[in-house]
file coords.pdb (PDB, C-alpha atoms)
ATOM      1  CA  MET A   1     -11.979 -14.697  30.462
ATOM      2  CA  ASN A   2     -11.930 -15.985  26.890
ATOM      3  CA  LEU A   3      -8.393 -17.382  26.935
ATOM      4  CA  ILE A   4      -8.174 -18.129  23.195
ATOM      5  CA  GLU A   5      -9.325 -14.627  22.280
ATOM      6  CA  SER A   6      -6.898 -13.104  24.795
ATOM      7  CA  MET A   7      -4.080 -15.157  23.273
ATOM      8  CA  ARG A   8      -5.042 -13.912  19.822
ATOM      9  CA  ILE A   9      -4.896 -10.318  21.032
ATOM     10  CA  TYR A  10      -1.583 -10.864  22.817
ATOM     11  CA  VAL A  11       0.035 -12.459  19.765
ATOM     12  CA  ARG A  12      -1.101  -9.575  17.572
ATOM     13  CA  VAL A  13       0.267  -6.985  20.024
ATOM     14  CA  VAL A  14       3.665  -8.711  20.095
ATOM     15  CA  GLU A  15       3.847  -9.035  16.308
ATOM     16  CA  ARG A  16       2.805  -5.436  15.688
ATOM     17  CA  ALA A  17       4.914  -4.111  18.593
ATOM     18  CA  SER A  18       2.113  -1.626  19.156
ATOM     19  CA  ILE A  19      -1.113  -1.733  21.122
ATOM     20  CA  SER A  20      -2.702   0.905  18.883
ATOM     21  CA  ASP A  21      -1.765  -0.957  15.674
ATOM     22  CA  ALA A  22      -3.011  -4.250  17.107
ATOM     23  CA  ALA A  23      -6.281  -2.624  18.156
ATOM     24  CA  ARG A  24      -6.733  -1.198  14.659
ATOM     25  CA  ASP A  25      -5.991  -4.575  13.055
ATOM     26  CA  LEU A  26      -8.455  -6.363  15.332
ATOM     27  CA  GLU A  27     -11.036  -3.552  15.089
ATOM     28  CA  ILE A  28     -11.325  -3.095  18.841
ATOM     29  CA  GLY A  29     -10.462  -0.209  21.147
ATOM     30  CA  GLN A  30      -6.963   0.401  22.527
ATOM     31  CA  SER A  31      -8.361   0.365  26.053
ATOM     32  CA  THR A  32      -9.869  -3.076  25.393
ATOM     33  CA  VAL A  33      -6.515  -4.407  24.187
ATOM     34  CA  SER A  34      -4.700  -3.010  27.235
ATOM     35  CA  GLU A  35      -7.350  -4.414  29.575
ATOM     36  CA  ARG A  36      -7.140  -7.870  27.970
ATOM     37  CA  ILE A  37      -3.343  -7.912  28.292
ATOM     38  CA  GLU A  38      -3.530  -6.904  31.963
ATOM     39  CA  ARG A  39      -6.135  -9.579  32.691
ATOM     40  CA  LEU A  40      -4.010 -12.134  30.844
ATOM     41  CA  GLU A  41      -0.959 -11.254  32.942
ATOM     42  CA  LYS A  42      -3.010 -11.637  36.121
ATOM     43  CA  PHE A  43      -4.331 -14.972  34.884
ATOM     44  CA  VAL A  44      -0.893 -16.448  34.116
ATOM     45  CA  GLY A  45       0.614 -14.849  37.219
ATOM     46  CA  CYS A  46       3.571 -13.058  35.680
ATOM     47  CA  ARG A  47       4.523 -10.032  33.610
ATOM     48  CA  LEU A  48       4.425 -10.717  29.858
ATOM     49  CA  LEU A  49       5.354  -7.289  28.494
ATOM     50  CA  LEU A  50       7.794  -4.642  29.683
ATOM     51  CA  ARG A  51       6.274  -1.258  28.887
ATOM     52  CA  SER A  52       7.975   2.117  28.518
ATOM     53  CA  ALA A  53       6.841   5.518  27.301
ATOM     54  CA  ARG A  54       7.821   4.749  23.704
ATOM     55  CA  ALA A  55       7.747   0.991  23.268
ATOM     56  CA  PHE A  56       7.624  -2.364  24.987
ATOM     57  CA  SER A  57       9.298  -5.745  24.789
ATOM     58  CA  CYS A  58       8.519  -9.285  25.866
ATOM     59  CA  THR A  59       9.802 -10.634  29.129
ATOM     60  CA  PRO A  60      11.420 -14.081  28.842
ATOM     61  CA  GLU A  61       8.131 -15.522  30.088
ATOM     62  CA  GLY A  62       6.257 -13.350  27.602
ATOM     63  CA  GLN A  63       8.343 -14.622  24.691
ATOM     64  CA  THR A  64       7.672 -18.233  25.723
ATOM     65  CA  PHE A  65       3.963 -17.500  26.106
ATOM     66  CA  TYR A  66       3.909 -15.844  22.652
ATOM     67  CA  GLU A  67       5.450 -18.894  20.976
ATOM     68  CA  ARG A  68       3.140 -21.312  22.792
ATOM     69  CA  SER A  69       0.115 -19.151  22.022
ATOM     70  CA  LYS A  70       0.799 -19.268  18.293
ATOM     71  CA  THR A  71       0.994 -23.050  18.493
ATOM     72  CA  ILE A  72      -2.288 -23.218  20.410
ATOM     73  CA  LEU A  73      -4.064 -20.887  17.973
ATOM     74  CA  GLN A  74      -2.889 -23.039  15.074
ATOM     75  CA  ALA A  75      -4.100 -26.201  16.831
ATOM     76  CA  ALA A  76      -7.477 -24.634  17.607
ATOM     77  CA  SER A  77      -7.899 -23.648  13.973
ATOM     78  CA  GLU A  78      -7.058 -27.183  12.850
ATOM     79  CA  ALA A  79      -9.489 -28.700  15.375
ATOM     80  CA  ILE A  80     -12.355 -26.519  14.144
ATOM     81  CA  SER A  81     -11.580 -27.405  10.533
ATOM     82  CA  GLU A  82     -11.387 -31.121  11.299
ATOM     83  CA  ILE A  83     -14.784 -31.376  13.021
ATOM     84  CA  SER A  84     -16.609 -28.936  10.732
ATOM     85  CA  GLY A  85     -16.064 -30.964   7.570
ATOM     86  CA  ASP A  86     -18.290 -30.426   4.556
ATOM     87  CA  GLN A  87     -20.914 -28.549   6.577
ATOM     88  CA  GLN A  88     -18.743 -25.446   6.287
ATOM     89  CA  LEU A  89     -19.076 -25.492   2.518
ATOM     90  CA  ALA A  90     -22.602 -24.134   2.879
ATOM     91  CA  ASN A  91     -22.575 -22.558   6.333
ATOM     92  CA  GLY A  92     -19.019 -21.402   6.999
ATOM     93  CA  ILE A  93     -17.833 -17.889   6.194
ATOM     94  CA  THR A  94     -14.631 -17.879   4.157
ATOM     95  CA  ARG A  95     -12.412 -14.989   5.212
ATOM     96  CA  ILE A  96     -10.262 -13.560   2.424
ATOM     97  CA  ALA A  97      -7.512 -10.942   2.779
ATOM     98  CA  ALA A  98      -5.899  -8.980  -0.046
ATOM     99  CA  PRO A  99      -3.805  -5.852  -0.645
ATOM    100  CA  HIS A 100      -5.858  -2.718  -1.330
ATOM    101  CA  CYS A 101      -5.042  -2.297  -5.020
ATOM    102  CA  PHE A 102      -5.682  -5.944  -5.924
ATOM    103  CA  GLY A 103      -8.723  -6.045  -3.685
ATOM    104  CA  GLU A 104     -10.269  -2.921  -5.165
ATOM    105  CA  THR A 105      -9.625  -3.636  -8.837
ATOM    106  CA  ILE A 106      -9.536  -7.426  -9.332
ATOM    107  CA  LEU A 107     -11.345  -8.967  -6.364
ATOM    108  CA  PRO A 108     -14.819  -7.575  -7.240
ATOM    109  CA  HIS A 109     -14.619  -9.274 -10.658
ATOM    110  CA  LEU A 110     -13.556 -12.553  -9.032
ATOM    111  CA  ILE A 111     -16.479 -12.389  -6.626
ATOM    112  CA  GLU A 112     -18.893 -11.622  -9.448
ATOM    113  CA  TYR A 113     -17.526 -14.685 -11.279
ATOM    114  CA  PHE A 114     -18.121 -16.814  -8.191
ATOM    115  CA  ARG A 115     -21.662 -15.561  -7.717
ATOM    116  CA  SER A 116     -22.517 -16.138 -11.368
ATOM    117  CA  ASN A 117     -21.062 -19.619 -11.738
ATOM    118  CA  PHE A 118     -21.259 -21.352  -8.359
ATOM    119  CA  PRO A 119     -23.677 -21.731  -5.443
ATOM    120  CA  PRO A 120     -23.497 -18.729  -3.084
ATOM    121  CA  MET A 121     -20.739 -19.033  -0.479
ATOM    122  CA  PRO A 122     -20.581 -16.523   2.412
ATOM    123  CA  LEU A 123     -17.427 -14.407   2.127
ATOM    124  CA  SER A 124     -15.786 -11.875   4.404
ATOM    125  CA  LEU A 125     -13.186  -9.593   2.802
ATOM    126  CA  THR A 126     -10.365  -7.697   4.509
ATOM    127  CA  LEU A 127      -8.174  -5.283   2.548
ATOM    128  CA  ASN A 128      -4.853  -4.272   4.019
ATOM    129  CA  ASP A 129      -1.433  -3.532   2.578
ATOM    130  CA  ARG A 130       0.472  -4.921   5.543
ATOM    131  CA  VAL A 131       1.437  -8.602   5.744
ATOM    132  CA  VAL A 132      -1.464 -10.559   7.234
ATOM    133  CA  ASP A 133      -0.794 -13.510   9.550
ATOM    134  CA  LEU A 134      -3.461 -16.024   8.591
ATOM    135  CA  VAL A 135      -3.546 -17.877  11.910
ATOM    136  CA  THR A 136      -3.607 -15.008  14.381
ATOM    137  CA  GLU A 137      -6.143 -13.037  12.333
ATOM    138  CA  GLY A 138      -8.389 -15.943  11.428
ATOM    139  CA  VAL A 139      -7.960 -15.592   7.655
ATOM    140  CA  ASP A 140      -8.682 -18.606   5.423
ATOM    141  CA  ILE A 141      -7.232 -17.289   2.146
ATOM    142  CA  SER A 142      -4.846 -14.415   1.529
ATOM    143  CA  PHE A 143      -3.600 -12.855  -1.702
ATOM    144  CA  ARG A 144      -0.064 -11.540  -1.341
ATOM    145  CA  THR A 145       1.955  -9.485  -3.813
ATOM    146  CA  GLY A 146       5.718  -9.255  -3.478
ATOM    147  CA  PRO A 147       7.942 -11.257  -1.093
ATOM    148  CA  LEU A 148       6.199 -14.044   0.798
ATOM    149  CA  GLY A 149       7.937 -13.400   4.098
ATOM    150  CA  GLU A 150       7.724 -15.899   6.930
ATOM    151  CA  GLY A 151       4.766 -17.658   8.486
ATOM    152  CA  ALA A 152       2.785 -20.872   8.756
ATOM    153  CA  PHE A 153       1.189 -21.015   5.320
ATOM    154  CA  ILE A 154       1.053 -22.872   2.028
ATOM    155  CA  ALA A 155       1.592 -20.649  -1.020
ATOM    156  CA  TYR A 156       0.227 -21.223  -4.521
ATOM    157  CA  PRO A 157       1.878 -19.068  -7.227
ATOM    158  CA  LEU A 158      -0.643 -17.279  -9.431
ATOM    159  CA  GLY A 159       1.771 -15.447 -11.723
ATOM    160  CA  LYS A 160       3.536 -12.117 -12.014
ATOM    161  CA  VAL A 161       2.083  -8.646 -11.576
ATOM    162  CA  ASN A 162       3.547  -6.100 -13.953
ATOM    163  CA  ARG A 163       4.072  -2.511 -12.858
ATOM    164  CA  PHE A 164       4.353   0.603 -14.978
ATOM    165  CA  LEU A 165       5.884   4.015 -14.512
ATOM    166  CA  VAL A 166       3.211   6.436 -15.735
ATOM    167  CA  ALA A 167       2.296  10.099 -16.030
ATOM    168  CA  SER A 168      -0.464  12.105 -17.646
ATOM    169  CA  PRO A 169       0.067  13.401 -21.215
ATOM    170  CA  ALA A 170      -0.338  16.945 -19.863
ATOM    171  CA  TYR A 171       2.468  16.424 -17.359
ATOM    172  CA  VAL A 172       4.830  15.080 -20.027
ATOM    173  CA  GLU A 173       3.974  17.949 -22.378
ATOM    174  CA  LYS A 174       4.562  20.524 -19.674
ATOM    175  CA  ASN A 175       7.744  19.060 -18.202
ATOM    176  CA  GLY A 176       9.390  17.502 -21.237
ATOM    177  CA  PRO A 177      10.241  13.885 -22.097
ATOM    178  CA  ILE A 178      11.922  11.519 -19.642
ATOM    179  CA  GLU A 179      14.652   9.764 -21.622
ATOM    180  CA  SER A 180      16.665   7.970 -18.919
ATOM    181  CA  PRO A 181      16.163   6.873 -15.313
ATOM    182  CA  GLY A 182      18.491   9.649 -14.203
ATOM    183  CA  ASP A 183      15.997  12.209 -15.511
ATOM    184  CA  LEU A 184      13.493  11.193 -12.829
ATOM    185  CA  ALA A 185      15.405  13.176 -10.203
ATOM    186  CA  SER A 186      14.291  16.437 -11.816
ATOM    187  CA  HIS A 187      10.595  15.495 -11.827
ATOM    188  CA  THR A 188       7.835  15.347  -9.226
ATOM    189  CA  LEU A 189       7.551  11.760  -8.013
ATOM    190  CA  ILE A 190       4.497  10.370  -6.231
ATOM    191  CA  SER A 191       4.535   7.018  -4.457
ATOM    192  CA  PHE A 192       2.666   4.805  -2.010
ATOM    193  CA  ASN A 193       4.154   2.198   0.336
ATOM    194  CA  ASN A 194       7.683   2.830  -0.928
ATOM    195  CA  PRO A 195       9.847   3.550   2.142
ATOM    196  CA  ALA A 196      13.075   2.701   0.272
ATOM    197  CA  ASP A 197      12.727   5.642  -2.154
ATOM    198  CA  GLN A 198      14.018   3.515  -5.006
ATOM    199  CA  ILE A 199      12.581   1.244  -7.647
ATOM    200  CA  ALA A 200      14.119  -1.806  -9.369
ATOM    201  CA  MET A 201      13.998  -1.556 -13.171
ATOM    202  CA  ILE A 202      15.165  -3.793 -16.007
ATOM    203  CA  SER A 203      16.785  -2.179 -19.034
ATOM    204  CA  ASP A 204      16.473  -3.443 -22.618
ATOM    205  CA  SER A 205      19.772  -5.271 -22.097
ATOM    206  CA  GLY A 206      18.274  -7.203 -19.168
ATOM    207  CA  VAL A 207      20.311  -5.463 -16.470
ATOM    208  CA  VAL A 208      18.446  -4.769 -13.204
ATOM    209  CA  GLU A 209      19.139  -1.353 -11.722
ATOM    210  CA  ASN A 210      17.909   0.137  -8.461
ATOM    211  CA  ILE A 211      16.776   3.553  -9.617
ATOM    212  CA  PRO A 212      16.536   6.357  -7.026
ATOM    213  CA  PHE A 213      12.883   7.351  -6.608
ATOM    214  CA  PRO A 214      12.906  10.110  -3.963
ATOM    215  CA  SER A 215       9.207  10.793  -3.692
ATOM    216  CA  ASP A 216       7.967  14.346  -3.320
ATOM    217  CA  ILE A 217       4.549  13.071  -2.231
ATOM    218  CA  LYS A 218       3.952   9.800  -0.371
ATOM    219  CA  THR A 219       0.653   8.153   0.465
ATOM    220  CA  SER A 220      -0.324   5.022   2.394
ATOM    221  CA  HIS A 221      -2.961   4.052  -0.178
ATOM    222  CA  TRP A 222      -2.627   3.607  -3.928
ATOM    223  CA  ARG A 223      -5.784   5.516  -4.931
ATOM    224  CA  PRO A 224      -4.786   9.085  -3.884
ATOM    225  CA  ALA A 225      -1.378   8.607  -5.509
ATOM    226  CA  PHE A 226      -3.015   7.335  -8.679
ATOM    227  CA  GLU A 227      -5.473  10.228  -8.860
ATOM    228  CA  MET A 228      -2.726  12.812  -8.350
ATOM    229  CA  VAL A 229      -0.711  11.272 -11.186
ATOM    230  CA  ARG A 230      -3.757  11.219 -13.444
ATOM    231  CA  MET A 231      -4.389  14.879 -12.587
ATOM    232  CA  GLY A 232      -0.931  15.737 -13.931
ATOM    233  CA  MET A 233       0.801  16.367 -10.612
ATOM    234  CA  GLY A 234       3.714  13.989 -11.167
ATOM    235  CA  ILE A 235       5.012  10.516 -12.061
ATOM    236  CA  GLY A 236       4.074   7.301 -10.263
ATOM    237  CA  ALA A 237       4.583   3.525 -10.403
ATOM    238  CA  PHE A 238       1.466   1.352 -10.283
ATOM    239  CA  GLU A 239       0.440  -2.243 -10.712
ATOM    240  CA  GLU A 240      -0.875  -3.062 -14.150
ATOM    241  CA  TYR A 241      -4.457  -3.689 -13.094
ATOM    242  CA  ALA A 242      -4.562  -0.199 -11.559
ATOM    243  CA  CYS A 243      -3.673   1.710 -14.712
ATOM    244  CA  THR A 244      -4.740  -0.470 -17.687
ATOM    245  CA  GLU A 245      -7.996   1.404 -18.270
ATOM    246  CA  ALA A 246      -6.345   4.831 -17.947
ATOM    247  CA  LEU A 247      -3.633   3.814 -20.426
ATOM    248  CA  GLU A 248      -6.228   2.555 -22.916
ATOM    249  CA  LYS A 249      -8.208   5.804 -22.634
ATOM    250  CA  GLY A 250      -5.091   7.937 -23.002
ATOM    251  CA  ASP A 251      -5.442   9.452 -19.529
ATOM    252  CA  LEU A 252      -1.965   8.114 -18.746
ATOM    253  CA  VAL A 253       1.116   7.288 -20.792
ATOM    254  CA  LYS A 254       4.051   5.049 -19.934
ATOM    255  CA  VAL A 255       7.257   6.709 -18.820
ATOM    256  CA  LEU A 256      10.602   5.158 -19.798
ATOM    257  CA  PRO A 257       9.013   2.374 -21.891
ATOM    258  CA  GLY A 258      12.504   1.036 -22.631
ATOM    259  CA  PHE A 259      12.782   0.035 -18.976
ATOM    260  CA  LYS A 260      10.534  -2.399 -17.147
ATOM    261  CA  ILE A 261       9.860  -2.346 -13.437
ATOM    262  CA  VAL A 262      10.709  -5.700 -11.857
ATOM    263  CA  PRO A 263       7.322  -7.470 -11.569
ATOM    264  CA  LEU A 264       5.833  -8.644  -8.292
ATOM    265  CA  ASP A 265       5.016 -12.246  -7.460
ATOM    266  CA  LEU A 266       1.330 -12.908  -6.820
ATOM    267  CA  ASN A 267       0.589 -15.796  -4.472
ATOM    268  CA  LEU A 268      -2.475 -17.342  -2.903
ATOM    269  CA  LEU A 269      -1.893 -18.344   0.721
ATOM    270  CA  ILE A 270      -3.779 -20.714   3.012
ATOM    271  CA  GLN A 271      -3.007 -21.856   6.526
ATOM    272  CA  ALA A 272      -0.596 -24.770   6.804
ATOM    273  CA  GLN A 273      -3.170 -27.012   8.431
ATOM    274  CA  ARG A 274      -4.494 -30.513   7.859
ATOM    275  CA  PRO A 275      -7.203 -31.077   6.896
ATOM    276  CA  VAL A 276      -8.095 -27.892   5.017
ATOM    277  CA  PRO A 277     -11.870 -27.219   5.203
ATOM    278  CA  GLN A 278     -13.748 -28.348   2.108
ATOM    279  CA  ARG A 279     -15.091 -24.834   1.446
ATOM    280  CA  VAL A 280     -11.522 -23.466   1.420
ATOM    281  CA  ARG A 281     -10.273 -26.268  -0.849
ATOM    282  CA  THR A 282     -13.109 -25.571  -3.267
ATOM    283  CA  ILE A 283     -12.509 -21.834  -3.448
ATOM    284  CA  VAL A 284      -8.720 -22.207  -3.701
ATOM    285  CA  SER A 285      -9.069 -24.695  -6.557
ATOM    286  CA  ILE A 286     -11.274 -22.281  -8.473
ATOM    287  CA  LEU A 287      -9.059 -19.271  -7.774
ATOM    288  CA  ARG A 288      -5.888 -21.031  -8.913
ATOM    289  CA  ASN A 289      -7.521 -21.671 -12.269
ATOM    290  CA  VAL A 290      -9.268 -18.357 -12.896
ATOM    291  CA  VAL A 291      -7.175 -15.607 -11.265
ATOM    292  CA  PRO A 292      -4.541 -15.545 -14.076
ATOM    293  CA  ASN A 293      -7.368 -14.910 -16.553
ATOM    294  CA  PHE A 294      -8.411 -11.783 -14.650
ATOM    295  CA  LEU A 295      -4.941 -10.216 -14.633
ATOM    296  CA  PRO A 296      -4.632  -7.681 -17.487
ATOM    297  CA  ARG A 297      -1.825  -7.925 -19.961
ATOM    298  CA  THR A 298      -1.215  -4.686 -21.840
ATOM    299  CA  SER A 299       1.380  -4.217 -24.518
TER     300      SER A 299
END

call {"tool": "encode", "arguments": {"input": "coords.pdb", "output": "structure tokens"}}
result
Amino acid sequence: MNLIESMRIYVRVVERASISDAARDLEIGQSTVSERIERLEKFVGCRLLLRSARAFSCTPEGQTFYERSKTILQAASEAISEISGDQQLANGITRIAAPHCFGETILPHLIEYFRSNFPPMPLSLTLNDRVVDLVTEGVDISFRTGPLGEGAFIAYPLGKVNRFLVASPAYVEKNGPIESPGDLASHTLISFNNPADQIAMISDSGVVENIPFPSDIKTSHWRPAFEMVRMGMGIGAFEEYACTEALEKGDLVKVLPGFKIVPLDLNLLIQAQRPVPQRVRTIVSILRNVVPNFLPRTS
């Protein structure tokens, strides 16, 4: 049994509280995850998880094993980095994670910049809107928008990501102008990854208000929501780099321009390990300098 790999799977199952979600994250079958957990329990000689029809929880031994496993995975990552040294600059694959919208609109331009200005470096990209744990998922660099959350990482601020409330000109013409946040309740609202059904906005006076945003249509990915808004089906809130081109072409117009959506923090995360591999240090140094130049700034 590959104990390190089994630990990685176990940690992911505990953190996702779902075998199916962990299997999807790790890109392996649910049956494989279940089999690995069972073999791990036999290996350590005790029950790690208490399973029921709807959920499961850690046994006291399972909680201890989870905490120790995270420490071991971190140590293993540090050991590999320490002995690999500069050889990884040419031969190591740098694994980068990013949210879908950033990864689909900005990341290709960053990669093109790398390929045009520096020696080729092997890259592996993972796009996912959930919070990625760098250690348990073997990620070297992660872009994160919004709250940092908790974890063993070092964060480098890259700036703020503006967001706009937008609609198509045809939608506005058909449904009338939106003059105040309260008017949104009478319109079709389309959102993605917004379980709170509200949006924080800043008025001209600088006051932050949590505006109700009860979505009529919700999606788990930004692109379908964006296309439906562009088609004139409703109003949506999107990061600036998603809608800059459509605004410039006139396919979309800003809604409630007197209010600004509270911007998101954009951070670059690396594992909190010493020493950091040379290839990661090199890429991080470049990204910290160039990423702000790739973020659009519309008026």

call {"tool": "resolve_selection", "arguments": {"input": "coords.pdb", "expression": "the PyMOL selection byres ((chain A and resi 281-283) around 10)", "output": "ChimeraX atom specification"}}
result
/A:89,94,114,121,141,270,275-280,284-288

call {"tool": "closest_residue", "arguments": {"input": "coords.pdb", "among": "A:Asn117, A:Ser57, A:Gln271, A:Ser31", "to": "Leu134 (chain A)", "atoms": "all atoms listed in the file"}}
result
A:Gln271

call {"tool": "residues_around", "arguments": {"input": "coords.pdb", "residues": "region 23-30 of chain A", "least_positions_apart": "6", "cutoff": "10 Å", "atoms": "only C-alpha atoms", "output": "ChimeraX atom specification"}}
result
/A:8-9,12-13,16,36,128,130,132,136-137

call {"tool": "closest_residue", "arguments": {"input": "coords.pdb", "among": "A:Ala22, A:Ile111, A:Leu165, A:Ala200", "to": "Val253 (chain A)", "atoms": "all atoms listed in the file"}}
result
A:Leu165

call {"tool": "residues_around", "arguments": {"input": "coords.pdb", "residues": "region 292-297 of chain A", "least_positions_apart": "5", "cutoff": "12 Å", "atoms": "only C-alpha atoms", "output": "number ranges by chain"}}
result
A: 102, 105-113, 157-164, 239-245, 247-248, 266-268, 286-287

call {"tool": "write_last_selection", "arguments": {"input": "coords.pdb", "atoms": "C-alpha atoms", "output": "PDB file, keeping the file's coordinate frame"}}
result
ATOM      1  CA  PHE A 102      -5.682  -5.944  -5.924  1.00  0.00           C
ATOM      2  CA  THR A 105      -9.625  -3.636  -8.837  1.00  0.00           C
ATOM      3  CA  ILE A 106      -9.536  -7.426  -9.332  1.00  0.00           C
ATOM      4  CA  LEU A 107     -11.345  -8.967  -6.364  1.00  0.00           C
ATOM      5  CA  PRO A 108     -14.819  -7.575  -7.240  1.00  0.00           C
ATOM      6  CA  HIS A 109     -14.619  -9.274 -10.658  1.00  0.00           C
ATOM      7  CA  LEU A 110     -13.556 -12.553  -9.032  1.00  0.00           C
ATOM      8  CA  ILE A 111     -16.479 -12.389  -6.626  1.00  0.00           C
ATOM      9  CA  GLU A 112     -18.893 -11.622  -9.448  1.00  0.00           C
ATOM     10  CA  TYR A 113     -17.526 -14.685 -11.279  1.00  0.00           C
ATOM     11  CA  PRO A 157       1.878 -19.068  -7.227  1.00  0.00           C
ATOM     12  CA  LEU A 158      -0.643 -17.279  -9.431  1.00  0.00           C
ATOM     13  CA  GLY A 159       1.771 -15.447 -11.723  1.00  0.00           C
ATOM     14  CA  LYS A 160       3.536 -12.117 -12.014  1.00  0.00           C
ATOM     15  CA  VAL A 161       2.083  -8.646 -11.576  1.00  0.00           C
ATOM     16  CA  ASN A 162       3.547  -6.100 -13.953  1.00  0.00           C
ATOM     17  CA  ARG A 163       4.072  -2.511 -12.858  1.00  0.00           C
ATOM     18  CA  PHE A 164       4.353   0.603 -14.978  1.00  0.00           C
ATOM     19  CA  GLU A 239       0.440  -2.243 -10.712  1.00  0.00           C
ATOM     20  CA  GLU A 240      -0.875  -3.062 -14.150  1.00  0.00           C
ATOM     21  CA  TYR A 241      -4.457  -3.689 -13.094  1.00  0.00           C
ATOM     22  CA  ALA A 242      -4.562  -0.199 -11.559  1.00  0.00           C
ATOM     23  CA  CYS A 243      -3.673   1.710 -14.712  1.00  0.00           C
ATOM     24  CA  THR A 244      -4.740  -0.470 -17.687  1.00  0.00           C
ATOM     25  CA  GLU A 245      -7.996   1.404 -18.270  1.00  0.00           C
ATOM     26  CA  LEU A 247      -3.633   3.814 -20.426  1.00  0.00           C
ATOM     27  CA  GLU A 248      -6.228   2.555 -22.916  1.00  0.00           C
ATOM     28  CA  LEU A 266       1.330 -12.908  -6.820  1.00  0.00           C
ATOM     29  CA  ASN A 267       0.589 -15.796  -4.472  1.00  0.00           C
ATOM     30  CA  LEU A 268      -2.475 -17.342  -2.903  1.00  0.00           C
ATOM     31  CA  ILE A 286     -11.274 -22.281  -8.473  1.00  0.00           C
ATOM     32  CA  LEU A 287      -9.059 -19.271  -7.774  1.00  0.00           C
TER      33      LEU A 287
END

call {"tool": "residues_around", "arguments": {"input": "coords.pdb", "residues": "Ile261 (chain A)", "least_positions_apart": "3", "cutoff": "12 Å", "atoms": "all atoms listed in the file", "output": "PyMOL selection string"}}
result
chain A and resi 160-166+181+198-204+206-211+236-240+254-258+264

call {"tool": "closest_residue", "arguments": {"input": "coords.pdb", "among": "A:Ala98, A:Val135, A:Ala75, A:Ile190", "to": "Phe226 (chain A)", "atoms": "all atoms listed in the file"}}
result
A:Ile190

call {"tool": "closest_residue", "arguments": {"input": "coords.pdb", "among": "A:Ile235, A:Arg144, A:Val229, A:Ala155", "to": "Ala185 (chain A)", "atoms": "all atoms listed in the file"}}
result
A:Ile235

call {"tool": "atom_distance", "arguments": {"input": "coords.pdb", "atom1": "CA of Arg47 (chain A)", "atom2": "CA of Thr64 (chain A)"}}
result
11.8 Å

call {"tool": "atom_distance", "arguments": {"input": "coords.pdb", "atom1": "CA of Leu252 (chain A)", "atom2": "CA of Asp265 (chain A)"}}
result
24.3 Å

call {"tool": "closest_residue", "arguments": {"input": "coords.pdb", "among": "A:Glu179, A:His187, A:Asp129, A:Phe56", "to": "Gly146 (chain A)", "atoms": "all atoms listed in the file"}}
result
A:Asp129

call {"tool": "closest_residue", "arguments": {"input": "coords.pdb", "among": "A:Val291, A:Leu269, A:Ile154, A:Val172", "to": "Ala97 (chain A)", "atoms": "all atoms listed in the file"}}
result
A:Leu269

call {"tool": "atom_distance", "arguments": {"input": "coords.pdb", "atom1": "CA of Val290 (chain A)", "atom2": "CA of Gly151 (chain A)"}}
result
25.6 Å

call {"tool": "resolve_selection", "arguments": {"input": "coords.pdb", "expression": "the PyMOL selection byres ((chain A and resi 233) around 9)", "output": "PDB file with C-alpha atoms, in the frame of the given file"}}
result
ATOM      1  CA  ALA A 167       2.296  10.099 -16.030  1.00  0.00           C
ATOM      2  CA  SER A 168      -0.464  12.105 -17.646  1.00  0.00           C
ATOM      3  CA  TYR A 171       2.468  16.424 -17.359  1.00  0.00           C
ATOM      4  CA  THR A 188       7.835  15.347  -9.226  1.00  0.00           C
ATOM      5  CA  LEU A 189       7.551  11.760  -8.013  1.00  0.00           C
ATOM      6  CA  ILE A 190       4.497  10.370  -6.231  1.00  0.00           C
ATOM      7  CA  GLU A 227      -5.473  10.228  -8.860  1.00  0.00           C
ATOM      8  CA  MET A 228      -2.726  12.812  -8.350  1.00  0.00           C
ATOM      9  CA  VAL A 229      -0.711  11.272 -11.186  1.00  0.00           C
ATOM     10  CA  ARG A 230      -3.757  11.219 -13.444  1.00  0.00           C
ATOM     11  CA  MET A 231      -4.389  14.879 -12.587  1.00  0.00           C
ATOM     12  CA  GLY A 232      -0.931  15.737 -13.931  1.00  0.00           C
ATOM     13  CA  GLY A 234       3.714  13.989 -11.167  1.00  0.00           C
ATOM     14  CA  ILE A 235       5.012  10.516 -12.061  1.00  0.00           C
TER      15      ILE A 235
END

call {"tool": "resolve_selection", "arguments": {"input": "coords.pdb", "expression": "the PyMOL selection byres ((chain A and resi 217) around 9)", "output": "VMD selection string"}}
result
chain A and resid 188 to 192 215 to 216 218 to 219 225
